[in-house]
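Chemist: Dropping in entry39.cif, with mmCIF, C-alpha atoms and all ligand atoms.
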```cif
data_run
loop_
_atom_site.group_PDB
_atom_site.id
_atom_site.type_symbol
_atom_site.label_atom_id
_atom_site.label_comp_id
_atom_site.auth_asym_id
_atom_site.auth_seq_id
_atom_site.Cartn_x
_atom_site.Cartn_y
_atom_site.Cartn_z
ATOM 1 C CA MET Y 1 5.158 10.280 27.960
ATOM 2 C CA ILE Y 2 1.417 9.852 27.446
ATOM 3 C CA THR Y 3 0.003 12.705 25.367
ATOM 4 C CA ILE Y 4 -3.257 14.333 26.469
ATOM 5 C CA LYS Y 5 -5.480 15.314 23.540
ATOM 6 C CA ASN Y 6 -7.493 18.516 23.606
ATOM 7 C CA LYS Y 7 -11.038 18.786 22.315
ATOM 8 C CA SER Y 8 -10.015 19.577 18.741
ATOM 9 C CA ALA Y 9 -7.571 16.639 18.614
ATOM 10 C CA LEU Y 10 -10.220 14.294 20.017
ATOM 11 C CA GLN Y 11 -12.729 15.498 17.427
ATOM 12 C CA LYS Y 12 -10.288 14.720 14.626
ATOM 13 C CA MET Y 13 -9.573 11.283 16.045
ATOM 14 C CA ALA Y 14 -13.316 10.680 16.347
ATOM 15 C CA THR Y 15 -13.795 11.632 12.703
ATOM 16 C CA ALA Y 16 -10.934 9.318 11.705
ATOM 17 C CA GLY Y 17 -12.590 6.565 13.751
ATOM 18 C CA GLN Y 18 -15.995 7.064 12.148
ATOM 19 C CA LYS Y 19 -14.480 7.017 8.668
ATOM 20 C CA LEU Y 20 -12.615 3.775 9.430
ATOM 21 C CA SER Y 21 -15.736 2.234 10.877
ATOM 22 C CA GLY Y 22 -17.514 3.104 7.618
ATOM 23 C CA ILE Y 23 -14.904 1.199 5.623
ATOM 24 C CA PHE Y 24 -15.324 -1.852 7.863
ATOM 25 C CA LYS Y 25 -19.085 -1.816 7.173
ATOM 26 C CA GLU Y 26 -18.320 -2.382 3.477
ATOM 27 C CA LEU Y 27 -15.851 -5.215 4.013
ATOM 28 C CA PRO Y 28 -18.289 -8.161 4.270
ATOM 29 C CA LEU Y 29 -19.188 -7.543 0.620
ATOM 30 C CA VAL Y 30 -15.520 -7.680 -0.339
ATOM 31 C CA ILE Y 31 -14.288 -10.592 1.801
ATOM 32 C CA VAL Y 32 -15.789 -13.406 -0.263
ATOM 33 C CA ASP Y 33 -14.658 -16.818 -1.502
ATOM 34 C CA GLY Y 34 -11.810 -16.490 -4.015
ATOM 35 C CA VAL Y 35 -10.754 -12.903 -3.329
ATOM 36 C CA SER Y 36 -7.072 -12.288 -2.621
ATOM 37 C CA THR Y 37 -5.893 -10.326 0.377
ATOM 38 C CA ALA Y 38 -4.147 -7.976 -2.092
ATOM 39 C CA GLU Y 39 -7.549 -7.204 -3.640
ATOM 40 C CA ILE Y 40 -9.047 -6.534 -0.209
ATOM 41 C CA ASP Y 41 -6.119 -4.188 0.538
ATOM 42 C CA ALA Y 42 -6.619 -2.418 -2.814
ATOM 43 C CA PHE Y 43 -10.304 -1.881 -1.981
ATOM 44 C CA ILE Y 44 -9.337 -0.383 1.381
ATOM 45 C CA ALA Y 45 -6.767 1.882 -0.307
ATOM 46 C CA ARG Y 46 -9.463 3.290 -2.620
ATOM 47 C CA GLN Y 47 -11.826 3.882 0.306
ATOM 48 C CA LEU Y 48 -9.143 5.641 2.357
ATOM 49 C CA THR Y 49 -8.346 7.945 -0.556
ATOM 50 C CA SER Y 50 -11.979 8.840 -1.153
ATOM 51 C CA LEU Y 51 -12.378 9.598 2.582
ATOM 52 C CA GLU Y 52 -9.243 11.817 2.564
ATOM 53 C CA MET Y 53 -7.493 9.484 4.960
ATOM 54 C CA VAL Y 54 -3.782 8.671 4.996
ATOM 55 C CA SER Y 55 -2.624 5.119 5.706
ATOM 56 C CA ARG Y 56 -0.195 4.921 8.605
ATOM 57 C CA THR Y 57 1.012 1.410 7.826
ATOM 58 C CA LYS Y 58 2.093 2.085 4.226
ATOM 59 C CA GLY Y 59 5.688 3.278 4.544
ATOM 60 C CA TYR Y 60 5.951 2.215 8.191
ATOM 61 C CA MET Y 61 9.275 0.388 8.599
ATOM 62 C CA GLY Y 62 9.142 -0.562 4.926
ATOM 63 C CA TYR Y 63 5.600 -2.000 5.087
ATOM 64 C CA ARG Y 64 3.896 -1.486 1.701
ATOM 65 C CA HIS Y 65 0.178 -1.959 2.391
ATOM 66 C CA VAL Y 66 -2.724 0.011 3.861
ATOM 67 C CA SER Y 67 -3.973 -2.929 5.925
ATOM 68 C CA CYS Y 68 -2.838 -6.054 7.680
ATOM 69 C CA ILE Y 69 -4.909 -9.091 6.715
ATOM 70 C CA SER Y 70 -4.352 -12.213 8.794
ATOM 71 C CA VAL Y 71 -6.064 -15.509 7.967
ATOM 72 C CA ASN Y 72 -6.845 -18.417 10.355
ATOM 73 C CA ASP Y 73 -3.683 -19.199 12.388
ATOM 74 C CA GLU Y 74 -2.163 -15.860 11.406
ATOM 75 C CA VAL Y 75 -2.704 -13.610 14.426
ATOM 76 C CA VAL Y 76 -1.748 -10.098 13.265
ATOM 77 C CA HIS Y 77 0.369 -8.234 10.665
ATOM 78 C CA GLY Y 78 -0.582 -10.554 7.805
ATOM 79 C CA VAL Y 79 0.831 -9.056 4.596
ATOM 80 C CA PRO Y 80 -1.698 -8.686 1.756
ATOM 81 C CA HIS Y 81 -0.623 -10.779 -1.251
ATOM 82 C CA LYS Y 82 -2.166 -11.626 -4.632
ATOM 83 C CA ASP Y 83 -1.530 -15.333 -4.005
ATOM 84 C CA THR Y 84 -3.240 -15.358 -0.609
ATOM 85 C CA VAL Y 85 -6.813 -16.204 -1.553
ATOM 86 C CA VAL Y 86 -9.493 -16.497 1.109
ATOM 87 C CA ARG Y 87 -11.870 -19.466 0.983
ATOM 88 C CA VAL Y 88 -15.232 -20.370 2.496
ATOM 89 C CA GLY Y 89 -14.654 -21.332 6.128
ATOM 90 C CA ASP Y 90 -11.706 -18.979 6.707
ATOM 91 C CA LEU Y 91 -11.430 -16.567 9.636
ATOM 92 C CA VAL Y 92 -10.057 -13.289 8.269
ATOM 93 C CA LYS Y 93 -8.764 -10.467 10.482
ATOM 94 C CA VAL Y 94 -8.467 -7.006 8.927
ATOM 95 C CA ASP Y 95 -6.504 -4.252 10.724
ATOM 96 C CA ILE Y 96 -6.354 -0.658 9.436
ATOM 97 C CA CYS Y 97 -4.586 2.347 10.928
ATOM 98 C CA ALA Y 98 -5.087 5.649 9.108
ATOM 99 C CA SER Y 99 -5.195 9.344 9.916
ATOM 100 C CA TRP Y 100 -7.495 12.222 9.038
ATOM 101 C CA LYS Y 101 -6.025 15.716 9.370
ATOM 102 C CA ASN Y 102 -2.962 14.086 10.977
ATOM 103 C CA TYR Y 103 -4.893 12.285 13.717
ATOM 104 C CA CYS Y 104 -5.019 8.488 13.747
ATOM 105 C CA ALA Y 105 -7.566 5.818 14.402
ATOM 106 C CA ASP Y 106 -6.657 2.126 14.560
ATOM 107 C CA MET Y 107 -9.251 -0.614 14.143
ATOM 108 C CA ALA Y 108 -9.417 -4.367 13.539
ATOM 109 C CA ARG Y 109 -12.299 -6.784 13.048
ATOM 110 C CA CYS Y 110 -12.820 -10.502 12.379
ATOM 111 C CA PHE Y 111 -14.779 -11.772 9.376
ATOM 112 C CA PHE Y 112 -15.850 -15.248 8.320
ATOM 113 C CA VAL Y 113 -15.954 -16.214 4.677
ATOM 114 C CA GLY Y 114 -19.350 -17.944 4.628
ATOM 115 C CA GLU Y 115 -19.803 -20.491 7.422
ATOM 116 C CA PRO Y 116 -16.723 -21.010 9.626
ATOM 117 C CA ARG Y 117 -14.819 -24.243 8.971
ATOM 118 C CA ASP Y 118 -14.511 -24.742 12.741
ATOM 119 C CA PRO Y 119 -17.832 -23.924 14.453
ATOM 120 C CA ARG Y 120 -15.894 -23.183 17.686
ATOM 121 C CA ALA Y 121 -14.372 -20.195 15.897
ATOM 122 C CA ILE Y 122 -17.613 -18.291 16.470
ATOM 123 C CA GLU Y 123 -17.115 -18.529 20.224
ATOM 124 C CA LEU Y 124 -13.445 -17.561 19.885
ATOM 125 C CA VAL Y 125 -14.422 -14.331 18.140
ATOM 126 C CA LYS Y 126 -17.264 -13.688 20.590
ATOM 127 C CA VAL Y 127 -14.956 -14.056 23.585
ATOM 128 C CA THR Y 128 -12.360 -11.771 21.941
ATOM 129 C CA GLN Y 129 -15.084 -9.147 21.525
ATOM 130 C CA GLN Y 130 -16.173 -9.607 25.153
ATOM 131 C CA ALA Y 131 -12.570 -9.309 26.338
ATOM 132 C CA LEU Y 132 -12.164 -6.052 24.411
ATOM 133 C CA ASP Y 133 -15.425 -4.749 25.880
ATOM 134 C CA LYS Y 134 -14.347 -5.715 29.423
ATOM 135 C CA GLY Y 135 -11.072 -3.893 28.846
ATOM 136 C CA ILE Y 136 -12.833 -0.803 27.507
ATOM 137 C CA GLU Y 137 -15.113 -0.811 30.576
ATOM 138 C CA GLN Y 138 -11.980 -0.177 32.673
ATOM 139 C CA ALA Y 139 -10.884 2.789 30.526
ATOM 140 C CA GLN Y 140 -12.087 5.303 33.128
ATOM 141 C CA VAL Y 141 -10.605 8.418 34.672
ATOM 142 C CA GLY Y 142 -8.754 7.433 37.875
ATOM 143 C CA LYS Y 143 -8.281 3.752 37.010
ATOM 144 C CA ARG Y 144 -4.813 2.401 36.213
ATOM 145 C CA LEU Y 145 -3.558 1.230 32.830
ATOM 146 C CA SER Y 146 -3.193 -2.406 33.889
ATOM 147 C CA ASP Y 147 -6.821 -2.523 35.052
ATOM 148 C CA ILE Y 148 -7.593 -2.683 31.321
ATOM 149 C CA SER Y 149 -4.955 -5.410 30.767
ATOM 150 C CA HIS Y 150 -6.194 -7.499 33.672
ATOM 151 C CA ALA Y 151 -9.858 -7.339 32.628
ATOM 152 C CA ILE Y 152 -8.940 -8.499 29.122
ATOM 153 C CA GLN Y 153 -6.851 -11.423 30.367
ATOM 154 C CA GLN Y 154 -9.512 -12.557 32.862
ATOM 155 C CA GLU Y 155 -12.209 -12.746 30.223
ATOM 156 C CA ILE Y 156 -10.006 -14.656 27.767
ATOM 157 C CA GLU Y 157 -8.596 -17.171 30.242
ATOM 158 C CA ARG Y 158 -11.976 -17.754 31.906
ATOM 159 C CA HIS Y 159 -12.987 -19.319 28.587
ATOM 160 C CA GLY Y 160 -9.780 -21.370 28.298
ATOM 161 C CA TYR Y 161 -8.258 -19.390 25.437
ATOM 162 C CA GLY Y 162 -4.690 -18.098 25.090
ATOM 163 C CA VAL Y 163 -3.650 -14.443 25.480
ATOM 164 C CA VAL Y 164 -0.907 -13.555 23.001
ATOM 165 C CA ARG Y 165 1.883 -11.824 24.983
ATOM 166 C CA ASP Y 166 4.337 -10.798 22.264
ATOM 167 C CA PHE Y 167 2.210 -7.927 20.902
ATOM 168 C CA ALA Y 168 0.145 -5.310 22.682
ATOM 169 C CA GLY Y 169 -2.148 -2.326 22.371
ATOM 170 C CA HIS Y 170 -0.760 1.186 22.529
ATOM 171 C CA GLY Y 171 -1.341 4.880 22.944
ATOM 172 C CA ILE Y 172 -2.398 6.594 19.730
ATOM 173 C CA GLY Y 173 -2.817 10.171 18.495
ATOM 174 C CA LYS Y 174 -0.781 12.047 15.919
ATOM 175 C CA GLN Y 175 1.304 8.870 15.805
ATOM 176 C CA MET Y 176 -0.005 5.346 15.195
ATOM 177 C CA HIS Y 177 2.039 4.077 18.131
ATOM 178 C CA GLU Y 178 2.442 6.323 21.146
ATOM 179 C CA ASP Y 179 3.224 5.599 24.773
ATOM 180 C CA PRO Y 180 2.203 3.620 26.678
ATOM 181 C CA GLU Y 181 2.315 -0.021 25.681
ATOM 182 C CA LEU Y 182 -0.975 -1.592 26.730
ATOM 183 C CA LEU Y 183 -0.511 -5.278 27.564
ATOM 184 C CA ASN Y 184 -3.395 -7.711 27.221
ATOM 185 C CA TYR Y 185 -2.464 -9.407 30.504
ATOM 186 C CA GLY Y 186 -1.223 -8.513 33.952
ATOM 187 C CA LYS Y 187 -2.061 -7.694 37.537
ATOM 188 C CA PRO Y 188 -4.545 -4.864 38.098
ATOM 189 C CA GLY Y 189 -3.622 -1.523 39.700
ATOM 190 C CA ARG Y 190 -0.311 -0.952 37.894
ATOM 191 C CA GLY Y 191 0.920 1.637 35.438
ATOM 192 C CA ALA Y 192 -0.289 5.140 34.624
ATOM 193 C CA VAL Y 193 -3.376 6.623 36.246
ATOM 194 C CA LEU Y 194 -5.860 7.194 33.433
ATOM 195 C CA GLN Y 195 -6.758 10.807 32.665
ATOM 196 C CA ALA Y 196 -9.300 12.475 30.415
ATOM 197 C CA GLY Y 197 -7.810 13.094 26.964
ATOM 198 C CA MET Y 198 -5.710 9.939 26.855
ATOM 199 C CA THR Y 199 -6.404 7.739 23.837
ATOM 200 C CA PHE Y 200 -5.594 4.067 23.443
ATOM 201 C CA ALA Y 201 -5.766 1.386 20.787
ATOM 202 C CA ILE Y 202 -6.978 -1.648 22.715
ATOM 203 C CA GLU Y 203 -6.458 -4.891 20.836
ATOM 204 C CA PRO Y 204 -6.695 -8.350 22.392
ATOM 205 C CA MET Y 205 -5.114 -11.175 20.354
ATOM 206 C CA VAL Y 206 -6.619 -14.515 21.334
ATOM 207 C CA THR Y 207 -5.806 -18.126 20.401
ATOM 208 C CA GLN Y 208 -7.713 -21.392 20.592
ATOM 209 C CA GLY Y 209 -4.541 -23.137 21.766
ATOM 210 C CA GLY Y 210 -1.248 -21.939 23.224
ATOM 211 C CA TYR Y 211 -0.318 -18.270 23.201
ATOM 212 C CA ALA Y 212 3.138 -18.711 21.656
ATOM 213 C CA VAL Y 213 3.583 -17.005 18.288
ATOM 214 C CA PHE Y 214 6.348 -16.507 15.731
ATOM 215 C CA VAL Y 215 7.070 -14.110 12.870
ATOM 216 C CA THR Y 216 7.182 -15.825 9.467
ATOM 217 C CA HIS Y 217 9.855 -15.407 6.774
ATOM 218 C CA ASP Y 218 8.156 -12.332 5.295
ATOM 219 C CA GLY Y 219 9.330 -10.500 8.427
ATOM 220 C CA TRP Y 220 5.802 -9.381 9.362
ATOM 221 C CA THR Y 221 3.152 -12.085 9.574
ATOM 222 C CA VAL Y 222 2.621 -13.361 13.117
ATOM 223 C CA LYS Y 223 1.350 -16.951 13.418
ATOM 224 C CA THR Y 224 0.511 -19.235 16.328
ATOM 225 C CA GLU Y 225 3.271 -21.788 17.062
ATOM 226 C CA ASP Y 226 0.727 -24.609 17.377
ATOM 227 C CA ALA Y 227 -1.208 -23.538 14.244
ATOM 228 C CA SER Y 228 -4.305 -22.891 16.352
ATOM 229 C CA LEU Y 229 -6.881 -20.404 15.159
ATOM 230 C CA ALA Y 230 -6.509 -16.803 16.355
ATOM 231 C CA ALA Y 231 -8.774 -13.769 16.674
ATOM 232 C CA HIS Y 232 -7.913 -10.065 16.946
ATOM 233 C CA ILE Y 233 -10.273 -7.138 17.485
ATOM 234 C CA GLU Y 234 -9.149 -3.543 17.999
ATOM 235 C CA ASP Y 235 -10.841 -0.269 18.854
ATOM 236 C CA THR Y 236 -9.519 3.237 19.455
ATOM 237 C CA VAL Y 237 -10.842 4.564 22.753
ATOM 238 C CA ALA Y 238 -10.715 7.983 24.447
ATOM 239 C CA ILE Y 239 -10.782 8.433 28.226
ATOM 240 C CA THR Y 240 -13.383 11.095 29.094
ATOM 241 C CA HIS Y 241 -15.084 12.337 32.253
ATOM 242 C CA GLU Y 242 -18.259 10.763 30.848
ATOM 243 C CA GLY Y 243 -16.560 7.353 30.574
ATOM 244 C CA PRO Y 244 -14.828 5.514 27.749
ATOM 245 C CA LYS Y 245 -15.617 6.847 24.281
ATOM 246 C CA ILE Y 246 -15.117 4.260 21.533
ATOM 247 C CA LEU Y 247 -14.053 6.284 18.501
ATOM 248 C CA THR Y 248 -14.155 3.373 16.047
ATOM 249 C CA ARG Y 249 -17.762 2.291 16.587
ATOM 250 C CA SER Y 250 -20.809 4.052 15.186
HETATM 251 N N1 LIG Z 301 -2.376 -1.414 13.054
HETATM 252 C C1 LIG Z 301 -1.380 -2.199 13.694
HETATM 253 C C2 LIG Z 301 -1.419 -1.991 15.192
HETATM 254 O O1 LIG Z 301 -2.416 -2.081 15.758
HETATM 255 C C3 LIG Z 301 -0.024 -1.892 13.225
HETATM 256 C C4 LIG Z 301 0.366 -2.646 12.094
HETATM 257 S S1 LIG Z 301 2.017 -2.505 11.859
HETATM 258 C C5 LIG Z 301 2.224 -2.865 10.226
HETATM 259 O O2 LIG Z 301 -0.485 -1.753 15.874
HETATM 260 F F1 LIG Z 301 3.207 -2.169 9.799
HETATM 261 F F2 LIG Z 301 2.380 -4.132 10.119
HETATM 262 F F3 LIG Z 301 1.173 -2.529 9.543
HETATM 263 CO CO CO Z 302 -3.006 -1.083 17.059
#
```
Render the structure in this file as structure tokens.
Modeler:
Amino acid sequence: MITIKNKSALQKMATAGQKLSGIFKELPLVIVDGVSTAEIDAFIARQLTSLEMVSRTKGYMGYRHVSCISVNDEVVHGVPHKDTVVRVGDLVKVDICASWKNYCADMARCFFVGEPRDPRAIELVKVTQQALDKGIEQAQVGKRLSDISHAIQQEIERHGYGVVRDFAGHGIGKQMHEDPELLNYGKPGRGAVLQAGMTFAIEPMVTQGGYAVFVTHDGWTVKTEDASLAAHIEDTVAITHEGPKILTRS
């Protein structure tokens, strides 16, 4: 069942989104050569606390961190660790889901530590952003869920990149993960008819090579099979009669 949020719920989600977006604005100062992903996570934990936000990943299925931090060929769900140190050239993806007054926002962005090691990584991130934006463009009253999926896939594959299939976007609200699952690929015109008050976390995961991924021995971290570089960008979006409202951008 897809929950429809009323005005007050949407306002809380919007506030959660704006607070998260504020944390992301600070991250470039933190994601520097030599910092560990555990230190980045600790910074985020302090920010969440001072913004009266509650992490939705800490405690989720035994996960112990307030963010997922995935480096280079890690796609998503990278586990912050004191021994994982980022270096100049790395592509670092940070994903945070947290709630304010019990309503969630979910957001992920890509960061480079200095100049990217692979100059083609800039285009990879740009295309991932474009794919997300094309998907969001379809988040309109009366369209179907898979119109979003299809638009994302088209933009990614048009540039020759891989669409990761094993993970997807999702509904969001009081819970981090609500119905429906929102695939990043598929034929248009399928699935639920979009209605005002629905809210989705839209999150394309894009690879420079093949789209096959695997979960590493920590039970969380998702990496590309072929060790190709991956990007991931996520926004929380509300369907409104005035068009898509991106809650995690300022
Ligand atoms: N924020 C992630 C998402 O978009 C969820 C991370 S699950 C975790 O779905 F437990 F690994 F944090
Ligand atoms: Co998400």
Chemist: Find, counting all atoms listed in the file, the residue in Y:Gly59, Y:Pro80, Y:Gly135, Y:Gly209 that gets nearest to Leu182 of chain Y.
Modeler: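 Closest to Leu182 of chain Y of all the choices is Y:Gly135.
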Chemist: If I wrap all listed atoms of ligand LIG 301 (chain Z) in a box with edges along x, y and z and add 6 Å on each side, what are its centre and edge lengths in Å to one decimal, as AutoDock Vina command-line options?
Modeler:
```
--center_x 0.4 --center_y -2.8 --center_z 12.7 --size_x 17.6 --size_y 14.7 --size_z 18.3
```
Chemist: Given the point (-5.9, -15.0, -4.5) in the coordinates of this file, which residues lie within 7 Å, counting all atoms listed in the file, and how would they look as a list in words?
Modeler: Gly34, Val35, Ser36, Thr37, Lys82, Asp83, Thr84, Val85 and Val86 of chain Y
Chemist: Atoms to include: C-alpha atoms. Write the selected residues as a PDB file, in the frame of the given file.
Modeler:
```pdb
ATOM      1  CA  GLY Y  34     -11.810 -16.490  -4.015  1.00  0.00           C
ATOM      2  CA  VAL Y  35     -10.754 -12.903  -3.329  1.00  0.00           C
ATOM      3  CA  SER Y  36      -7.072 -12.288  -2.621  1.00  0.00           C
ATOM      4  CA  THR Y  37      -5.893 -10.326   0.377  1.00  0.00           C
ATOM      5  CA  LYS Y  82      -2.166 -11.626  -4.632  1.00  0.00           C
ATOM      6  CA  ASP Y  83      -1.530 -15.333  -4.005  1.00  0.00           C
ATOM      7  CA  THR Y  84      -3.240 -15.358  -0.609  1.00  0.00           C
ATOM      8  CA  VAL Y  85      -6.813 -16.204  -1.553  1.00  0.00           C
ATOM      9  CA  VAL Y  86      -9.493 -16.497   1.109  1.00  0.00           C
TER      10      VAL Y  86
END
```
Chemist: Any idea what the distance is between atom S1 of ligand LIG 301 (chain Z) and atom CA of Leu124 of chain Y?
Modeler: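 Distance reported for this atom pair: 23.0 Å.
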Chemist: Excluding Lys126 of chain Y and its own-chain neighbours fewer than 4 positions away, which residues fall within 12 Å of it when counting all atoms listed in the file? Please give them as a list in words.
Modeler: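 Counting only the stated atoms, we get Arg109, Cys110, Phe111, Pro119, Arg120, Ala121, Ile122, Gln130, Ala131, Leu132, Asp133, Glu155, Ile156, His159, Tyr161, Pro204, Val206, Ala230, Ala231, His232 and Ile233 of chain Y.
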Chemist: Using the chain letters and numbering of this document, enumerate as number ranges by chain the residues selected by the PyMOL selection byres (((not hetatm)) within 6 of (chain Z and resi 302)).
Modeler: Y: 106, 169, 201
Chemist: Using only C-alpha atoms, which protein or nucleic acid residues come within 9 Å of Gly89 of chain Y? Drop anything in the same chain fewer than 4 positions from it, and give the result as a list of chain:residue names.
Modeler: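 Residues near the query, excluding close chain neighbours: Y:Asp33, Y:Phe112, Y:Val113, Y:Gly114, Y:Glu115, Y:Pro116, Y:Arg117, Y:Asp118.
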Chemist: Assuming the chain letters and numbering stay as they are in my file, what does the PyMOL selection byres (((not hetatm)) within 6 of (chain Z and resi 301)) actually select? List them as a VMD selection string.
Modeler: chain Y and resid 57 60 63 68 77 95 to 97 106
Chemist: Between atom CA of Asp90 of chain Y and atom CA of Glu225 of chain Y, what distance in Å does the model show, to one decimal?
Modeler: 18.4 Å
Chemist: Near Met107 of chain Y, counting all atoms listed in the file, which residues have an atom at most 12 Å away, once you skip same-chain residues fewer than 2 positions from it, shown as a PyMOL selection string?
Modeler: chain Y and resi 16-24+56+67-68+93-99+104-105+109-110+132+169+172+176+200-204+232-237+246-249
Chemist: Spell out the residues picked by the PyMOL selection byres (((chain Y and resi 192-199) around 9) and not hetatm) here, as a PyMOL selection string.
Modeler: chain Y and resi 2-7+10+139-146+170-173+180+189-191+200-201+236-241+243
Chemist: For the residues in that selection, give me C-alpha atoms as a PDB file, keeping the file's coordinate frame.
Modeler:
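Now in result31.pdb:
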```
ATOM      1  CA  ILE Y   2       1.417   9.852  27.446  1.00  0.00           C
ATOM      2  CA  THR Y   3       0.003  12.705  25.367  1.00  0.00           C
ATOM      3  CA  ILE Y   4      -3.257  14.333  26.469  1.00  0.00           C
ATOM      4  CA  LYS Y   5      -5.480  15.314  23.540  1.00  0.00           C
ATOM      5  CA  ASN Y   6      -7.493  18.516  23.606  1.00  0.00           C
ATOM      6  CA  LYS Y   7     -11.038  18.786  22.315  1.00  0.00           C
ATOM      7  CA  LEU Y  10     -10.220  14.294  20.017  1.00  0.00           C
ATOM      8  CA  ALA Y 139     -10.884   2.789  30.526  1.00  0.00           C
ATOM      9  CA  GLN Y 140     -12.087   5.303  33.128  1.00  0.00           C
ATOM     10  CA  VAL Y 141     -10.605   8.418  34.672  1.00  0.00           C
ATOM     11  CA  GLY Y 142      -8.754   7.433  37.875  1.00  0.00           C
ATOM     12  CA  LYS Y 143      -8.281   3.752  37.010  1.00  0.00           C
ATOM     13  CA  ARG Y 144      -4.813   2.401  36.213  1.00  0.00           C
ATOM     14  CA  LEU Y 145      -3.558   1.230  32.830  1.00  0.00           C
ATOM     15  CA  SER Y 146      -3.193  -2.406  33.889  1.00  0.00           C
ATOM     16  CA  HIS Y 170      -0.760   1.186  22.529  1.00  0.00           C
ATOM     17  CA  GLY Y 171      -1.341   4.880  22.944  1.00  0.00           C
ATOM     18  CA  ILE Y 172      -2.398   6.594  19.730  1.00  0.00           C
ATOM     19  CA  GLY Y 173      -2.817  10.171  18.495  1.00  0.00           C
ATOM     20  CA  PRO Y 180       2.203   3.620  26.678  1.00  0.00           C
ATOM     21  CA  GLY Y 189      -3.622  -1.523  39.700  1.00  0.00           C
ATOM     22  CA  ARG Y 190      -0.311  -0.952  37.894  1.00  0.00           C
ATOM     23  CA  GLY Y 191       0.920   1.637  35.438  1.00  0.00           C
ATOM     24  CA  PHE Y 200      -5.594   4.067  23.443  1.00  0.00           C
ATOM     25  CA  ALA Y 201      -5.766   1.386  20.787  1.00  0.00           C
ATOM     26  CA  THR Y 236      -9.519   3.237  19.455  1.00  0.00           C
ATOM     27  CA  VAL Y 237     -10.842   4.564  22.753  1.00  0.00           C
ATOM     28  CA  ALA Y 238     -10.715   7.983  24.447  1.00  0.00           C
ATOM     29  CA  ILE Y 239     -10.782   8.433  28.226  1.00  0.00           C
ATOM     30  CA  THR Y 240     -13.383  11.095  29.094  1.00  0.00           C
ATOM     31  CA  HIS Y 241     -15.084  12.337  32.253  1.00  0.00           C
ATOM     32  CA  GLY Y 243     -16.560   7.353  30.574  1.00  0.00           C
TER      33      GLY Y 243
END
```
Chemist: Taking only C-alpha atoms into account, name the residue in Y:Met53, Y:Leu29, Y:Ala227, Y:Val127 that is nearest to Asp73 of chain Y.
Modeler: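 Smallest separation from Asp73 of chain Y among the options: Y:Ala227.
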Chemist: Taking all atoms listed in the file into account, which of Y:Ser228, Y:Gln153, Y:Val215, Y:Pro244 comes nearest Val76 of chain Y?
Modeler: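 Using all atoms listed in the file, Val76 of chain Y sits closest to Y:Val215.
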Chemist: Hey, which of Y:Ala168, Y:Leu51, Y:Met205, Y:Ala45 ends up closest to Gln129 of chain Y? Count all atoms listed in the file.
Modeler: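 Checking each of Y:Ala168, Y:Leu51, Y:Met205, Y:Ala45 against Gln129 of chain Y, counting all atoms listed in the file, the winner is Y:Met205.
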Chemist: Counting all atoms listed in the file, figure out which residue out of Y:Leu183, Y:Ser55, Y:Thr49, Y:Val88 gets nearest to Ile31 of chain Y.
Modeler: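 Looking at the shortest contact to Ile31 of chain Y, the residue is Y:Val88.
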Chemist: I'd like to know which of Y:Glu157, Y:Glu181, Y:Asp166, Y:Asp41 is closest to Gly78 of chain Y, using all atoms listed in the file.
Modeler: Y:Asp41
Chemist: May I ask for the distance between atom CA of Met61 of chain Y and atom CA of Ser8 of chain Y, given in Å to one decimal place?
Modeler: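 Atom CA of Ser8 of chain Y lies 29.0 Å from atom CA of Met61 of chain Y.
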Chemist: Can you pull segment 184-193 of chain Y out of that block with N, CA and C atoms and hand it back as a PDB file, in the first residue's frame?
Modeler:
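Written output follows (decode.pdb):
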```pdb
ATOM      1  N   ASN Y 184      15.067   1.324 -11.152  1.00  0.00           N
ATOM      2  CA  ASN Y 184      15.763   2.305 -11.983  1.00  0.00           C
ATOM      3  C   ASN Y 184      15.804   1.893 -13.453  1.00  0.00           C
ATOM      4  N   TYR Y 185      14.938   0.937 -13.815  1.00  0.00           N
ATOM      5  CA  TYR Y 185      14.859   0.478 -15.202  1.00  0.00           C
ATOM      6  C   TYR Y 185      13.459  -0.072 -15.434  1.00  0.00           C
ATOM      7  N   GLY Y 186      13.097  -0.191 -16.688  1.00  0.00           N
ATOM      8  CA  GLY Y 186      11.817  -0.825 -17.014  1.00  0.00           C
ATOM      9  C   GLY Y 186      11.039  -0.100 -18.099  1.00  0.00           C
ATOM     10  N   LYS Y 187      10.003  -0.793 -18.566  1.00  0.00           N
ATOM     11  CA  LYS Y 187       9.125  -0.217 -19.584  1.00  0.00           C
ATOM     12  C   LYS Y 187       8.266   0.872 -18.963  1.00  0.00           C
ATOM     13  N   PRO Y 188       7.939   1.914 -19.720  1.00  0.00           N
ATOM     14  CA  PRO Y 188       7.067   2.958 -19.172  1.00  0.00           C
ATOM     15  C   PRO Y 188       5.621   2.471 -19.044  1.00  0.00           C
ATOM     16  N   GLY Y 189       4.800   3.229 -18.311  1.00  0.00           N
ATOM     17  CA  GLY Y 189       3.354   2.973 -18.280  1.00  0.00           C
ATOM     18  C   GLY Y 189       2.912   1.831 -17.399  1.00  0.00           C
ATOM     19  N   ARG Y 190       3.777   1.386 -16.489  1.00  0.00           N
ATOM     20  CA  ARG Y 190       3.433   0.274 -15.585  1.00  0.00           C
ATOM     21  C   ARG Y 190       3.393   0.765 -14.144  1.00  0.00           C
ATOM     22  N   GLY Y 191       2.745  -0.016 -13.317  1.00  0.00           N
ATOM     23  CA  GLY Y 191       2.750   0.260 -11.872  1.00  0.00           C
ATOM     24  C   GLY Y 191       1.721   1.302 -11.479  1.00  0.00           C
ATOM     25  N   ALA Y 192       1.801   1.734 -10.231  1.00  0.00           N
ATOM     26  CA  ALA Y 192       0.795   2.626  -9.642  1.00  0.00           C
ATOM     27  C   ALA Y 192       0.674   3.933 -10.418  1.00  0.00           C
ATOM     28  N   VAL Y 193      -0.549   4.453 -10.457  1.00  0.00           N
ATOM     29  CA  VAL Y 193      -0.781   5.800 -10.981  1.00  0.00           C
ATOM     30  C   VAL Y 193      -0.382   6.787  -9.876  1.00  0.00           C
TER      31      VAL Y 193
END
```
